[in-house]
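Colleague: Got a structure for you, final.cif, holding mmCIF, C-alpha atoms.
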data_protein
#
loop_
_atom_site.label_atom_id
_atom_site.label_comp_id
_atom_site.auth_asym_id
_atom_site.auth_seq_id
_atom_site.Cartn_x
_atom_site.Cartn_y
_atom_site.Cartn_z
CA MET A 1 -19.31 -28.60 -38.50
CA GLU A 2 -18.59 -24.96 -39.30
CA PHE A 3 -15.86 -23.11 -37.37
CA LEU A 4 -16.61 -19.44 -36.59
CA ARG A 5 -13.64 -17.30 -35.57
CA PRO A 6 -14.64 -13.72 -34.66
CA ALA A 7 -11.87 -11.14 -34.23
CA SER A 8 -13.75 -8.98 -31.71
CA TRP A 9 -16.37 -9.26 -29.02
CA GLU A 10 -18.89 -7.46 -31.21
CA GLU A 11 -18.31 -9.99 -33.98
CA ALA A 12 -18.73 -12.83 -31.47
CA LEU A 13 -22.10 -11.47 -30.30
CA ALA A 14 -23.25 -11.04 -33.88
CA ALA A 15 -22.20 -14.60 -34.72
CA LYS A 16 -24.02 -15.97 -31.66
CA ALA A 17 -27.16 -14.02 -32.61
CA GLU A 18 -27.01 -15.42 -36.15
CA HIS A 19 -26.24 -18.96 -34.97
CA PRO A 20 -27.90 -19.42 -31.54
CA THR A 21 -26.91 -23.09 -31.32
CA ALA A 22 -23.21 -22.31 -31.84
CA VAL A 23 -21.09 -23.74 -29.03
CA PRO A 24 -18.48 -21.31 -27.63
CA ILE A 25 -14.96 -22.66 -27.27
CA ALA A 26 -11.91 -21.00 -25.71
CA GLY A 27 -9.80 -23.33 -23.56
CA GLY A 28 -11.74 -26.28 -24.91
CA THR A 29 -11.11 -28.43 -21.83
CA ASP A 30 -14.78 -29.46 -21.62
CA VAL A 31 -15.98 -29.00 -25.20
CA MET A 32 -13.20 -31.05 -26.80
CA VAL A 33 -13.87 -33.98 -24.48
CA GLU A 34 -17.52 -34.01 -25.55
CA LEU A 35 -16.55 -33.78 -29.22
CA ASN A 36 -13.92 -36.49 -28.97
CA PHE A 37 -16.38 -38.89 -27.34
CA ASP A 38 -19.10 -37.90 -29.81
CA HIS A 39 -21.35 -36.70 -26.99
CA ARG A 40 -22.00 -33.50 -28.91
CA ARG A 41 -21.90 -32.64 -32.58
CA PRO A 42 -22.93 -28.97 -33.02
CA GLU A 43 -23.37 -27.38 -36.40
CA HIS A 44 -21.14 -24.45 -35.39
CA LEU A 45 -18.21 -23.92 -33.04
CA LEU A 46 -17.63 -20.31 -31.93
CA ASP A 47 -13.92 -19.77 -31.26
CA LEU A 48 -13.35 -16.97 -28.73
CA ASN A 49 -9.56 -17.24 -28.49
CA ARG A 50 -8.84 -14.05 -30.46
CA ILE A 51 -10.83 -11.80 -28.10
CA ALA A 52 -8.22 -10.26 -25.79
CA ASP A 53 -10.76 -8.64 -23.44
CA LEU A 54 -11.82 -12.08 -22.19
CA TYR A 55 -8.31 -12.74 -20.82
CA GLU A 56 -8.20 -9.61 -18.67
CA TRP A 57 -9.22 -8.95 -15.08
CA GLU A 58 -9.78 -5.85 -13.02
CA VAL A 59 -9.49 -5.57 -9.23
CA GLY A 60 -11.95 -2.98 -7.93
CA GLU A 61 -12.64 -1.68 -4.46
CA ASP A 62 -15.12 -4.43 -3.58
CA THR A 63 -15.08 -6.91 -6.45
CA VAL A 64 -12.89 -8.56 -9.04
CA ARG A 65 -14.11 -8.52 -12.64
CA LEU A 66 -12.73 -11.71 -14.10
CA GLY A 67 -12.75 -12.08 -17.87
CA ALA A 68 -14.43 -15.29 -18.99
CA SER A 69 -11.21 -16.75 -20.43
CA VAL A 70 -8.84 -15.93 -17.54
CA SER A 71 -7.16 -19.26 -16.77
CA TYR A 72 -7.00 -20.99 -13.42
CA THR A 73 -3.22 -20.60 -13.51
CA ARG A 74 -3.59 -16.81 -13.70
CA ILE A 75 -6.05 -16.83 -10.79
CA ILE A 76 -3.66 -18.91 -8.69
CA GLU A 77 -0.66 -16.73 -9.54
CA HIS A 78 -2.22 -13.25 -9.42
CA LEU A 79 -5.51 -13.30 -7.49
CA ARG A 80 -4.86 -15.56 -4.53
CA ALA A 81 -5.26 -12.71 -2.02
CA GLU A 82 -8.49 -11.36 -3.50
CA LEU A 83 -10.07 -14.73 -4.38
CA PRO A 84 -8.52 -17.32 -2.04
CA GLY A 85 -11.34 -19.85 -2.26
CA LEU A 86 -11.30 -19.81 -6.04
CA ALA A 87 -7.51 -20.11 -6.08
CA LEU A 88 -7.70 -23.16 -3.82
CA ALA A 89 -10.32 -24.70 -6.09
CA GLY A 90 -8.12 -23.92 -9.09
CA HIS A 91 -5.32 -26.04 -7.64
CA THR A 92 -7.57 -29.12 -7.90
CA VAL A 93 -8.50 -28.58 -11.55
CA GLY A 94 -6.95 -31.13 -13.88
CA SER A 95 -3.25 -31.02 -14.71
CA PRO A 96 -1.03 -27.95 -15.13
CA GLN A 97 -1.85 -28.01 -18.84
CA ILE A 98 -5.58 -27.97 -18.12
CA ARG A 99 -5.16 -25.17 -15.56
CA ASN A 100 -3.29 -23.16 -18.20
CA ARG A 101 -6.24 -23.41 -20.60
CA GLY A 102 -9.34 -23.91 -18.45
CA SER A 103 -11.28 -20.91 -17.14
CA VAL A 104 -14.10 -20.02 -14.80
CA GLY A 105 -16.17 -18.78 -17.73
CA GLY A 106 -15.85 -22.13 -19.45
CA ASN A 107 -16.66 -23.97 -16.22
CA LEU A 108 -19.82 -21.89 -15.83
CA GLY A 109 -20.83 -22.43 -19.44
CA ALA A 110 -20.57 -26.20 -19.03
CA ALA A 111 -22.66 -25.90 -15.82
CA SER A 112 -21.63 -29.34 -14.60
CA PRO A 113 -22.74 -30.14 -11.03
CA ALA A 114 -19.12 -31.19 -10.45
CA GLY A 115 -17.51 -27.97 -11.74
CA ASP A 116 -14.65 -27.20 -9.36
CA SER A 117 -15.06 -23.42 -9.44
CA HIS A 118 -18.76 -23.44 -8.60
CA PRO A 119 -18.65 -24.00 -4.80
CA ALA A 120 -16.07 -21.23 -4.45
CA LEU A 121 -18.15 -18.83 -6.56
CA LEU A 122 -21.28 -19.57 -4.52
CA ALA A 123 -19.43 -19.09 -1.24
CA ALA A 124 -17.68 -15.88 -2.28
CA GLY A 125 -20.75 -14.31 -3.87
CA ALA A 126 -20.49 -13.88 -7.64
CA GLU A 127 -22.47 -12.59 -10.57
CA VAL A 128 -22.20 -13.75 -14.17
CA GLU A 129 -21.99 -10.96 -16.76
CA ALA A 130 -23.95 -12.20 -19.77
CA GLU A 131 -24.17 -10.23 -22.99
CA SER A 132 -25.91 -10.42 -26.36
CA VAL A 133 -26.62 -7.99 -29.18
CA ARG A 134 -29.68 -7.04 -27.10
CA GLY A 135 -27.66 -5.83 -24.11
CA THR A 136 -25.93 -6.89 -20.91
CA ARG A 137 -27.26 -8.37 -17.69
CA ARG A 138 -25.76 -9.77 -14.49
CA ILE A 139 -27.02 -13.07 -13.10
CA PRO A 140 -26.39 -14.04 -9.45
CA VAL A 141 -24.43 -17.28 -9.55
CA GLU A 142 -26.98 -19.12 -7.39
CA GLU A 143 -29.58 -18.38 -10.09
CA PHE A 144 -27.29 -19.31 -12.97
CA PHE A 145 -27.54 -23.10 -12.70
CA THR A 146 -30.94 -24.32 -13.86
CA GLY A 147 -30.38 -28.08 -14.17
CA VAL A 148 -27.83 -30.76 -14.91
CA LYS A 149 -25.43 -29.07 -17.35
CA ARG A 150 -27.99 -26.32 -17.99
CA ASN A 151 -27.65 -22.62 -17.26
CA ALA A 152 -29.67 -19.41 -17.41
CA LEU A 153 -28.06 -18.03 -20.58
CA ALA A 154 -30.40 -17.16 -23.43
CA ASP A 155 -29.62 -18.75 -26.79
CA ASP A 156 -27.96 -15.58 -28.08
CA GLU A 157 -25.95 -14.77 -24.93
CA LEU A 158 -22.28 -15.29 -24.12
CA ILE A 159 -20.45 -15.04 -20.80
CA ARG A 160 -18.19 -12.01 -20.89
CA ALA A 161 -16.99 -11.87 -17.28
CA VAL A 162 -17.65 -12.94 -13.71
CA HIS A 163 -17.88 -10.39 -10.90
CA ILE A 164 -16.69 -11.87 -7.61
CA LYS A 165 -16.66 -10.20 -4.21
CA LYS A 166 -13.16 -9.70 -2.87
CA ALA A 167 -12.42 -11.73 0.24
CA ASP A 168 -12.89 -9.82 3.47
CA GLY A 169 -12.23 -12.94 5.53
CA PRO A 170 -10.85 -16.47 5.27
CA GLN A 171 -12.13 -18.86 2.59
CA GLN A 172 -11.66 -22.58 2.08
CA PHE A 173 -12.35 -25.24 -0.52
CA SER A 174 -12.40 -29.00 -0.05
CA LYS A 175 -12.90 -31.76 -2.60
CA VAL A 176 -13.27 -35.52 -2.33
CA GLY A 177 -11.77 -37.56 -5.15
CA THR A 178 -9.45 -40.46 -5.77
CA ARG A 179 -6.56 -37.97 -5.93
CA ASN A 180 -5.96 -34.25 -5.42
CA ALA A 181 -6.40 -33.20 -9.05
CA MET A 182 -7.05 -34.62 -12.53
CA VAL A 183 -10.25 -36.16 -11.19
CA ILE A 184 -13.94 -35.30 -11.25
CA ALA A 185 -15.12 -34.46 -7.74
CA VAL A 186 -17.12 -37.07 -5.87
CA CYS A 187 -18.31 -34.02 -3.95
CA ALA A 188 -16.89 -30.63 -3.01
CA PHE A 189 -17.52 -27.89 -0.47
CA GLY A 190 -16.63 -24.20 -0.36
CA LEU A 191 -16.96 -21.88 2.62
CA ALA A 192 -16.30 -18.16 3.00
CA LEU A 193 -16.43 -15.98 6.10
CA HIS A 194 -17.60 -12.42 5.52
CA PRO A 195 -16.71 -10.54 8.72
CA GLU A 196 -17.79 -7.16 7.30
CA THR A 197 -21.39 -8.37 7.10
CA ARG A 198 -20.97 -11.02 9.82
CA THR A 199 -22.22 -13.73 7.51
CA VAL A 200 -21.07 -17.08 6.22
CA ARG A 201 -21.70 -18.42 2.71
CA THR A 202 -21.31 -21.95 1.40
CA GLY A 203 -21.18 -23.82 -1.88
CA ILE A 204 -21.69 -27.53 -2.55
CA GLY A 205 -20.61 -29.32 -5.70
CA SER A 206 -21.37 -32.76 -7.16
CA ALA A 207 -23.99 -33.57 -4.53
CA ALA A 208 -27.17 -32.33 -6.24
CA PRO A 209 -28.42 -31.80 -9.80
CA THR A 210 -26.84 -28.34 -9.67
CA PRO A 211 -24.24 -26.65 -7.47
CA VAL A 212 -26.12 -25.34 -4.42
CA ARG A 213 -25.71 -23.32 -1.26
CA ALA A 214 -26.49 -24.88 2.12
CA ARG A 215 -28.83 -22.07 3.10
CA GLU A 216 -30.26 -23.62 6.28
CA ALA A 217 -26.73 -24.33 7.47
CA GLU A 218 -25.75 -20.73 6.69
CA ASP A 219 -28.78 -19.31 8.54
CA PHE A 220 -28.09 -21.49 11.56
CA LEU A 221 -24.40 -20.58 11.72
CA ASN A 222 -25.03 -16.88 11.15
CA ALA A 223 -27.44 -16.85 14.08
CA ALA A 224 -25.17 -18.96 16.30
CA LEU A 225 -22.13 -16.78 15.68
CA GLU A 226 -24.06 -13.57 16.34
CA GLU A 227 -25.99 -14.75 19.39
CA GLY A 228 -22.89 -16.36 20.88
CA GLY A 229 -20.79 -13.23 20.36
CA PHE A 230 -18.20 -15.21 18.42
CA TRP A 231 -17.41 -12.45 15.92
CA ASP A 232 -16.48 -10.06 18.73
CA SER A 233 -14.82 -12.49 21.12
CA GLY A 234 -12.98 -14.62 18.57
CA ALA A 235 -13.69 -17.63 20.75
CA ARG A 236 -13.46 -21.12 19.34
CA ILE A 237 -16.69 -22.42 17.83
CA THR A 238 -18.22 -25.04 20.11
CA PRO A 239 -18.39 -28.66 18.90
CA SER A 240 -22.19 -28.62 19.10
CA VAL A 241 -22.40 -25.64 16.73
CA ALA A 242 -19.93 -27.22 14.30
CA ARG A 243 -21.80 -30.52 14.42
CA GLN A 244 -25.18 -28.91 13.74
CA PHE A 245 -23.73 -26.89 10.88
CA ALA A 246 -22.30 -30.06 9.35
CA GLU A 247 -25.62 -31.91 9.66
CA LEU A 248 -27.52 -29.08 8.00
CA ALA A 249 -24.95 -28.85 5.21
CA SER A 250 -25.31 -32.58 4.62
CA GLY A 251 -29.09 -32.15 4.52
CA ALA A 252 -28.78 -29.61 1.69
CA CYS A 253 -27.54 -32.36 -0.62
CA ASN A 254 -29.67 -34.23 -3.13
CA PRO A 255 -27.11 -36.64 -4.57
CA ILE A 256 -27.25 -39.72 -6.74
CA ASP A 257 -25.51 -43.08 -6.73
CA ASP A 258 -22.99 -43.40 -9.55
CA VAL A 259 -19.65 -45.02 -10.33
CA ARG A 260 -17.79 -42.36 -8.34
CA GLY A 261 -19.73 -42.68 -5.09
CA SER A 262 -23.03 -43.43 -3.43
CA ALA A 263 -25.57 -40.84 -2.38
CA LYS A 264 -25.09 -41.87 1.25
CA TYR A 265 -21.34 -41.38 1.02
CA ARG A 266 -21.72 -37.98 -0.63
CA ARG A 267 -24.01 -36.72 2.13
CA HIS A 268 -21.60 -37.96 4.78
CA ALA A 269 -18.56 -36.48 3.01
CA VAL A 270 -20.19 -33.07 2.60
CA GLY A 271 -20.92 -33.00 6.33
CA VAL A 272 -17.31 -33.85 7.13
CA MET A 273 -16.01 -31.18 4.73
CA ALA A 274 -18.41 -28.60 6.15
CA ARG A 275 -17.16 -29.21 9.68
CA ARG A 276 -13.51 -29.18 8.66
CA THR A 277 -13.65 -26.09 6.45
CA LEU A 278 -15.52 -24.26 9.20
CA GLY A 279 -12.74 -25.16 11.62
CA TRP A 280 -10.01 -24.06 9.21
CA THR A 281 -11.61 -20.75 8.29
CA TRP A 282 -12.56 -19.87 11.84
CA GLU A 283 -9.08 -20.59 13.16
CA SER A 284 -7.71 -18.32 10.40
CA TYR A 285 -10.16 -15.63 11.45
CA ARG A 286 -9.12 -15.98 15.10
CA ALA A 287 -5.44 -15.82 14.16
CA GLY A 288 -6.06 -12.69 12.12
CA ARG A 289 -7.86 -11.02 15.03
CA SER A 290 -5.00 -11.89 17.38
CA THR A 291 -2.45 -10.40 15.00
CA THR A 292 -4.50 -7.22 14.57
CA GLU A 293 -5.10 -6.80 18.28
CA GLY A 294 -1.45 -7.51 19.06
CA GLY A 295 -0.34 -4.90 16.56
CA ALA A 296 -2.78 -2.37 17.98
CA GLN A 297 -1.51 -2.96 21.51
CA CYS A 298 2.12 -2.60 20.39
CA ALA A 299 1.27 0.63 18.62
#
Render the structure in this file as C-alpha coordinates.

Modeller:
Amino acid sequence: MEFLRPASWEEALAAKAEHPTAVPIAGGTDVMVELNFDHRRPEHLLDLNRIADLYEWEVGEDTVRLGASVSYTRIIEHLRAELPGLALAGHTVGSPQIRNRGSVGGNLGAASPAGDSHPALLAAGAEVEAESVRGTRRIPVEEFFTGVKRNALADDELIRAVHIKKADGPQQFSKVGTRNAMVIAVCAFGLALHPETRTVRTGIGSAAPTPVRAREAEDFLNAALEEGGFWDSGARITPSVARQFAELASGACNPIDDVRGSAKYRRHAVGVMARRTLGWTWESYRAGRSTTEGGAQCA
(Lines of atoms letter the chains of each structure in order from A and count residues from 1; the text may use other names and numbers.)
(Lines give C-alpha, C1' and ligand atoms only; values in the text may rest on other atoms or scores of the structure.)
Protein backbone atom coordinates (compact mmCIF):
# COMPACT_ATOMS: atom_id res chain seq x y z
CA MET A 1 0.00 0.00 0.00
CA GLU A 2 1.45 3.35 -1.05
CA PHE A 3 0.86 6.43 1.12
CA LEU A 4 0.32 9.70 -0.78
CA ARG A 5 0.70 12.90 1.24
CA PRO A 6 -0.06 16.05 -0.82
CA ALA A 7 0.84 19.42 0.68
CA SER A 8 -1.90 21.38 -1.11
CA TRP A 9 -5.35 20.92 -2.53
CA GLU A 10 -4.00 21.15 -6.06
CA GLU A 11 -1.54 18.36 -5.31
CA ALA A 12 -4.36 16.27 -3.84
CA LEU A 13 -6.48 16.66 -6.99
CA ALA A 14 -3.52 15.76 -9.17
CA ALA A 15 -2.81 12.68 -7.07
CA LYS A 16 -6.45 11.59 -7.24
CA ALA A 17 -6.45 12.06 -11.03
CA GLU A 18 -3.30 9.95 -11.33
CA HIS A 19 -4.55 7.30 -8.91
CA PRO A 20 -8.38 7.18 -9.21
CA THR A 21 -8.68 4.24 -6.81
CA ALA A 22 -6.78 6.06 -4.04
CA VAL A 23 -8.81 6.18 -0.82
CA PRO A 24 -8.88 9.62 0.86
CA ILE A 25 -8.12 9.67 4.57
CA ALA A 26 -8.28 12.59 7.01
CA GLY A 27 -9.80 11.73 10.39
CA GLY A 28 -9.61 8.05 9.50
CA THR A 29 -12.49 7.09 11.78
CA ASP A 30 -14.12 4.97 9.05
CA VAL A 31 -11.18 4.08 6.81
CA MET A 32 -8.96 2.76 9.61
CA VAL A 33 -11.70 0.46 10.86
CA GLU A 34 -12.02 -1.07 7.39
CA LEU A 35 -8.25 -1.45 7.10
CA ASN A 36 -7.88 -2.96 10.56
CA PHE A 37 -10.56 -5.57 9.84
CA ASP A 38 -9.11 -6.19 6.37
CA HIS A 39 -12.38 -5.16 4.72
CA ARG A 40 -10.44 -2.95 2.33
CA ARG A 41 -6.90 -3.06 1.03
CA PRO A 42 -6.40 -0.19 -1.45
CA GLU A 43 -3.24 0.26 -3.44
CA HIS A 44 -3.02 3.93 -2.38
CA LEU A 45 -4.09 5.99 0.63
CA LEU A 46 -4.46 9.73 -0.01
CA ASP A 47 -3.70 11.64 3.20
CA LEU A 48 -5.50 15.01 3.29
CA ASN A 49 -4.40 16.10 6.76
CA ARG A 50 -1.93 18.75 5.56
CA ILE A 51 -4.54 20.71 3.59
CA ALA A 52 -5.57 23.57 5.89
CA ASP A 53 -8.45 24.76 3.69
CA LEU A 54 -10.41 21.59 4.50
CA TYR A 55 -10.50 22.52 8.20
CA GLU A 56 -12.08 25.94 7.66
CA TRP A 57 -15.68 27.09 7.52
CA GLU A 58 -17.41 30.23 6.37
CA VAL A 59 -20.78 31.53 7.57
CA GLY A 60 -22.54 33.38 4.76
CA GLU A 61 -25.85 35.19 4.61
CA ASP A 62 -27.88 32.08 3.80
CA THR A 63 -25.52 29.12 4.02
CA VAL A 64 -22.53 27.72 5.86
CA ARG A 65 -19.64 26.45 3.76
CA LEU A 66 -18.18 23.65 5.84
CA GLY A 67 -14.73 22.37 4.91
CA ALA A 68 -14.69 18.61 4.41
CA SER A 69 -12.40 18.00 7.41
CA VAL A 70 -14.13 20.27 9.95
CA SER A 71 -14.65 18.01 12.97
CA TYR A 72 -17.91 17.33 14.75
CA THR A 73 -16.43 18.93 17.86
CA ARG A 74 -15.92 22.20 15.96
CA ILE A 75 -19.49 22.08 14.65
CA ILE A 76 -20.84 21.52 18.16
CA GLU A 77 -18.72 24.30 19.66
CA HIS A 78 -18.96 26.96 16.94
CA LEU A 79 -21.93 26.29 14.63
CA ARG A 80 -24.71 25.20 16.94
CA ALA A 81 -26.83 28.28 16.16
CA GLU A 82 -26.44 28.04 12.38
CA LEU A 83 -26.61 24.23 12.11
CA PRO A 84 -28.54 23.00 15.16
CA GLY A 85 -29.66 19.69 13.66
CA LEU A 86 -26.13 18.79 12.61
CA ALA A 87 -24.78 19.79 16.02
CA LEU A 88 -27.32 17.52 17.72
CA ALA A 89 -26.33 14.68 15.41
CA GLY A 90 -22.68 15.37 16.17
CA HIS A 91 -23.28 14.75 19.87
CA THR A 92 -24.23 11.14 19.07
CA VAL A 93 -21.10 10.40 17.01
CA GLY A 94 -18.71 8.02 18.73
CA SER A 95 -16.61 9.16 21.68
CA PRO A 96 -15.06 12.60 22.26
CA GLN A 97 -11.91 11.34 20.53
CA ILE A 98 -13.91 10.30 17.46
CA ARG A 99 -15.78 13.61 17.42
CA ASN A 100 -12.43 15.41 17.50
CA ARG A 101 -11.29 13.59 14.36
CA GLY A 102 -14.44 12.63 12.47
CA SER A 103 -15.98 15.02 9.94
CA VAL A 104 -19.04 15.47 7.78
CA GLY A 105 -16.91 15.16 4.65
CA GLY A 106 -15.61 11.80 5.80
CA ASN A 107 -19.13 10.67 6.74
CA LEU A 108 -20.36 11.58 3.26
CA GLY A 109 -17.44 9.85 1.58
CA ALA A 110 -18.19 6.62 3.43
CA ALA A 111 -21.86 6.99 2.39
CA SER A 112 -23.06 4.52 5.02
CA PRO A 113 -26.85 4.32 5.38
CA ALA A 114 -26.23 4.72 9.11
CA GLY A 115 -24.07 7.87 8.86
CA ASP A 116 -25.16 10.12 11.72
CA SER A 117 -24.76 13.40 9.82
CA HIS A 118 -26.87 12.34 6.85
CA PRO A 119 -30.42 12.82 8.23
CA ALA A 120 -29.48 16.30 9.47
CA LEU A 121 -27.96 17.25 6.10
CA LEU A 122 -31.06 16.03 4.24
CA ALA A 123 -33.38 17.91 6.59
CA ALA A 124 -31.40 21.15 6.53
CA GLY A 125 -30.84 21.15 2.77
CA ALA A 126 -27.20 20.68 1.77
CA GLU A 127 -25.02 20.45 -1.30
CA VAL A 128 -21.74 18.59 -1.62
CA GLU A 129 -18.92 20.54 -3.28
CA ALA A 130 -16.99 18.00 -5.34
CA GLU A 131 -13.84 18.91 -7.24
CA SER A 132 -11.36 17.31 -9.62
CA VAL A 133 -8.71 18.57 -12.01
CA ARG A 134 -11.60 18.93 -14.48
CA GLY A 135 -13.51 21.45 -12.36
CA THR A 136 -15.98 21.87 -9.52
CA ARG A 137 -19.62 20.88 -9.17
CA ARG A 138 -22.22 20.92 -6.40
CA ILE A 139 -24.36 17.84 -5.79
CA PRO A 140 -27.64 18.09 -3.82
CA VAL A 141 -27.24 15.79 -0.84
CA GLU A 142 -30.38 13.80 -1.71
CA GLU A 143 -28.71 12.92 -5.04
CA PHE A 144 -25.34 12.13 -3.48
CA PHE A 145 -26.16 8.67 -2.10
CA THR A 146 -26.44 6.13 -4.90
CA GLY A 147 -26.42 2.83 -3.00
CA VAL A 148 -25.14 1.07 0.10
CA LYS A 149 -21.82 2.80 0.82
CA ARG A 150 -21.81 4.28 -2.69
CA ASN A 151 -21.90 7.93 -3.68
CA ALA A 152 -22.09 10.12 -6.77
CA LEU A 153 -18.42 11.13 -6.82
CA ALA A 154 -16.50 10.42 -10.00
CA ASP A 155 -13.30 8.40 -9.63
CA ASP A 156 -11.13 11.51 -9.82
CA GLU A 157 -13.23 13.71 -7.51
CA LEU A 158 -12.74 14.67 -3.87
CA ILE A 159 -15.14 16.35 -1.44
CA ARG A 160 -13.88 19.84 -0.71
CA ALA A 161 -16.77 21.27 1.29
CA VAL A 162 -20.44 20.97 2.15
CA HIS A 163 -22.82 23.91 1.72
CA ILE A 164 -25.63 23.79 4.28
CA LYS A 165 -28.56 26.16 4.60
CA LYS A 166 -28.49 28.13 7.83
CA ALA A 167 -31.35 27.31 10.16
CA ASP A 168 -34.27 29.70 9.89
CA GLY A 169 -36.33 27.61 12.31
CA PRO A 170 -36.04 24.80 14.85
CA GLN A 171 -34.31 21.54 13.94
CA GLN A 172 -34.12 18.19 15.69
CA PHE A 173 -32.28 14.89 15.43
CA SER A 174 -33.20 11.58 17.03
CA LYS A 175 -31.36 8.27 16.98
CA VAL A 176 -32.20 4.80 18.24
CA GLY A 177 -29.30 2.75 19.57
CA THR A 178 -28.26 0.75 22.59
CA ARG A 179 -26.78 3.94 24.06
CA ASN A 180 -26.57 7.65 23.23
CA ALA A 181 -23.24 7.54 21.40
CA MET A 182 -20.42 5.16 20.42
CA VAL A 183 -23.00 3.02 18.64
CA ILE A 184 -24.15 2.54 15.05
CA ALA A 185 -27.71 3.79 14.68
CA VAL A 186 -30.48 1.20 14.51
CA CYS A 187 -32.31 4.05 12.79
CA ALA A 188 -32.26 7.85 12.93
CA PHE A 189 -34.50 10.76 11.99
CA GLY A 190 -33.83 14.43 11.32
CA LEU A 191 -36.42 17.17 10.94
CA ALA A 192 -36.09 20.87 10.14
CA LEU A 193 -38.73 23.58 10.03
CA HIS A 194 -38.18 26.27 7.42
CA PRO A 195 -40.59 29.08 8.33
CA GLU A 196 -39.24 31.42 5.63
CA THR A 197 -40.50 29.06 2.93
CA ARG A 198 -43.19 27.48 5.13
CA THR A 199 -41.82 24.02 4.47
CA VAL A 200 -40.63 21.04 6.45
CA ARG A 201 -37.77 18.73 5.45
CA THR A 202 -36.85 15.34 6.84
CA GLY A 203 -34.00 12.86 6.78
CA ILE A 204 -34.02 9.15 7.63
CA GLY A 205 -30.93 7.11 8.40
CA SER A 206 -30.27 3.37 8.71
CA ALA A 207 -33.74 2.40 7.50
CA ALA A 208 -33.14 2.03 3.74
CA PRO A 209 -30.22 1.20 1.44
CA THR A 210 -29.35 4.91 1.46
CA PRO A 211 -30.25 7.86 3.67
CA VAL A 212 -33.59 9.19 2.37
CA ARG A 213 -36.13 11.95 2.81
CA ALA A 214 -39.72 11.11 3.71
CA ARG A 215 -41.12 13.11 0.81
CA GLU A 216 -44.77 12.03 1.09
CA ALA A 217 -44.70 12.87 4.79
CA GLU A 218 -43.18 16.27 3.97
CA ASP A 219 -45.80 17.00 1.29
CA PHE A 220 -48.62 16.01 3.62
CA LEU A 221 -47.34 18.12 6.51
CA ASN A 222 -46.59 21.13 4.32
CA ALA A 223 -50.16 21.07 3.03
CA ALA A 224 -51.66 20.47 6.48
CA LEU A 225 -49.74 23.33 8.08
CA GLU A 226 -50.64 25.75 5.29
CA GLU A 227 -54.30 24.79 4.94
CA GLY A 228 -54.77 24.75 8.71
CA GLY A 229 -53.15 28.17 9.14
CA PHE A 230 -50.68 26.76 11.65
CA TRP A 231 -47.75 28.91 10.52
CA ASP A 232 -49.72 32.09 11.16
CA SER A 233 -51.64 31.04 14.26
CA GLY A 234 -48.89 29.09 15.99
CA ALA A 235 -51.53 26.67 17.21
CA ARG A 236 -50.57 23.22 18.41
CA ILE A 237 -50.48 20.58 15.69
CA THR A 238 -53.46 18.25 16.05
CA PRO A 239 -52.84 14.61 17.01
CA SER A 240 -54.38 13.41 13.74
CA VAL A 241 -51.90 15.45 11.69
CA ALA A 242 -48.95 14.24 13.79
CA ARG A 243 -50.14 10.65 13.52
CA GLN A 244 -50.52 10.79 9.74
CA PHE A 245 -47.10 12.41 9.39
CA ALA A 246 -45.57 9.63 11.48
CA GLU A 247 -47.26 6.91 9.41
CA LEU A 248 -46.06 8.42 6.15
CA ALA A 249 -42.52 8.80 7.51
CA SER A 250 -42.57 5.14 8.53
CA GLY A 251 -43.77 4.24 5.04
CA ALA A 252 -40.72 5.94 3.49
CA CYS A 253 -38.47 3.28 5.02
CA ASN A 254 -37.14 0.24 3.21
CA PRO A 255 -35.19 -1.44 6.00
CA ILE A 256 -33.61 -4.83 6.49
CA ASP A 257 -33.41 -7.29 9.37
CA ASP A 258 -29.94 -7.44 10.90
CA VAL A 259 -28.23 -7.97 14.24
CA ARG A 260 -29.08 -4.43 15.35
CA GLY A 261 -32.83 -4.57 14.70
CA SER A 262 -35.62 -5.94 12.60
CA ALA A 263 -37.19 -4.19 9.64
CA LYS A 264 -40.50 -4.06 11.50
CA TYR A 265 -38.89 -2.40 14.50
CA ARG A 266 -37.08 0.14 12.34
CA ARG A 267 -40.31 1.20 10.62
CA HIS A 268 -42.05 1.55 13.96
CA ALA A 269 -39.15 3.48 15.53
CA VAL A 270 -38.94 5.92 12.61
CA GLY A 271 -42.64 6.67 13.00
CA VAL A 272 -42.19 7.32 16.72
CA MET A 273 -39.18 9.58 16.10
CA ALA A 274 -41.03 11.47 13.38
CA ARG A 275 -43.94 12.22 15.70
CA ARG A 276 -41.68 13.22 18.59
CA THR A 277 -39.31 15.42 16.60
CA LEU A 278 -42.30 17.14 15.01
CA GLY A 279 -43.66 17.87 18.48
CA TRP A 280 -40.32 19.18 19.74
CA THR A 281 -39.63 21.42 16.76
CA TRP A 282 -43.15 22.79 16.57
CA GLU A 283 -43.21 23.64 20.27
CA SER A 284 -39.89 25.46 19.77
CA TYR A 285 -41.41 27.34 16.85
CA ARG A 286 -44.47 28.29 18.93
CA ALA A 287 -42.26 29.44 21.81
CA GLY A 288 -40.21 31.57 19.44
CA ARG A 289 -43.34 33.20 18.02
CA SER A 290 -44.61 33.96 21.52
CA THR A 291 -41.31 35.58 22.47
CA THR A 292 -41.25 37.67 19.29
CA GLU A 293 -44.85 38.77 19.65
CA GLY A 294 -44.36 39.55 23.34
CA GLY A 295 -41.33 41.67 22.55
CA ALA A 296 -43.20 43.50 19.81
CA GLN A 297 -46.09 44.27 22.15
CA CYS A 298 -43.72 45.54 24.85
CA ALA A 299 -41.98 47.75 22.31

Colleague: Counting only C-alpha atoms, figure out which residue out of A:Ala223, A:Leu13, A:Ala269, A:Ala274 gets nearest to A:Ala130.

Modeller: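 Of A:Ala223, A:Leu13, A:Ala269, A:Ala274, the one nearest A:Ala130 is A:Leu13, counting only C-alpha atoms.
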
Colleague: Got a sec: who's within 9 Å of A:Phe220, counting all atoms listed in the file, leaving out chain neighbours fewer than 3 positions off, as a ChimeraX atom specification?

Modeller: /A:215-217,223-225,241,244-245,248

Colleague: Smallest atom-to-atom distance to A:Ala152: which of A:Thr21, A:Gly177, A:Val183, A:Gly109, using all atoms listed in the file?

Modeller: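 With all atoms listed in the file as the atom set, the closest residue is A:Gly109.
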
Colleague: Work out how far apart atom CA of A:His78 and atom CA of A:Ala287 are and give it in Å to one decimal.

Modeller: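 Distance reported for this atom pair: 23.9 Å.
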
Colleague: Leaving out A:Thr202 and any residue of its chain fewer than 6 positions from it, which residues lie within 9 Å of it when counting all atoms listed in the file, given as a PyMOL selection string?

Modeller: chain A and resi 119-120+122-124+189-192+212-215+217-218+249+274
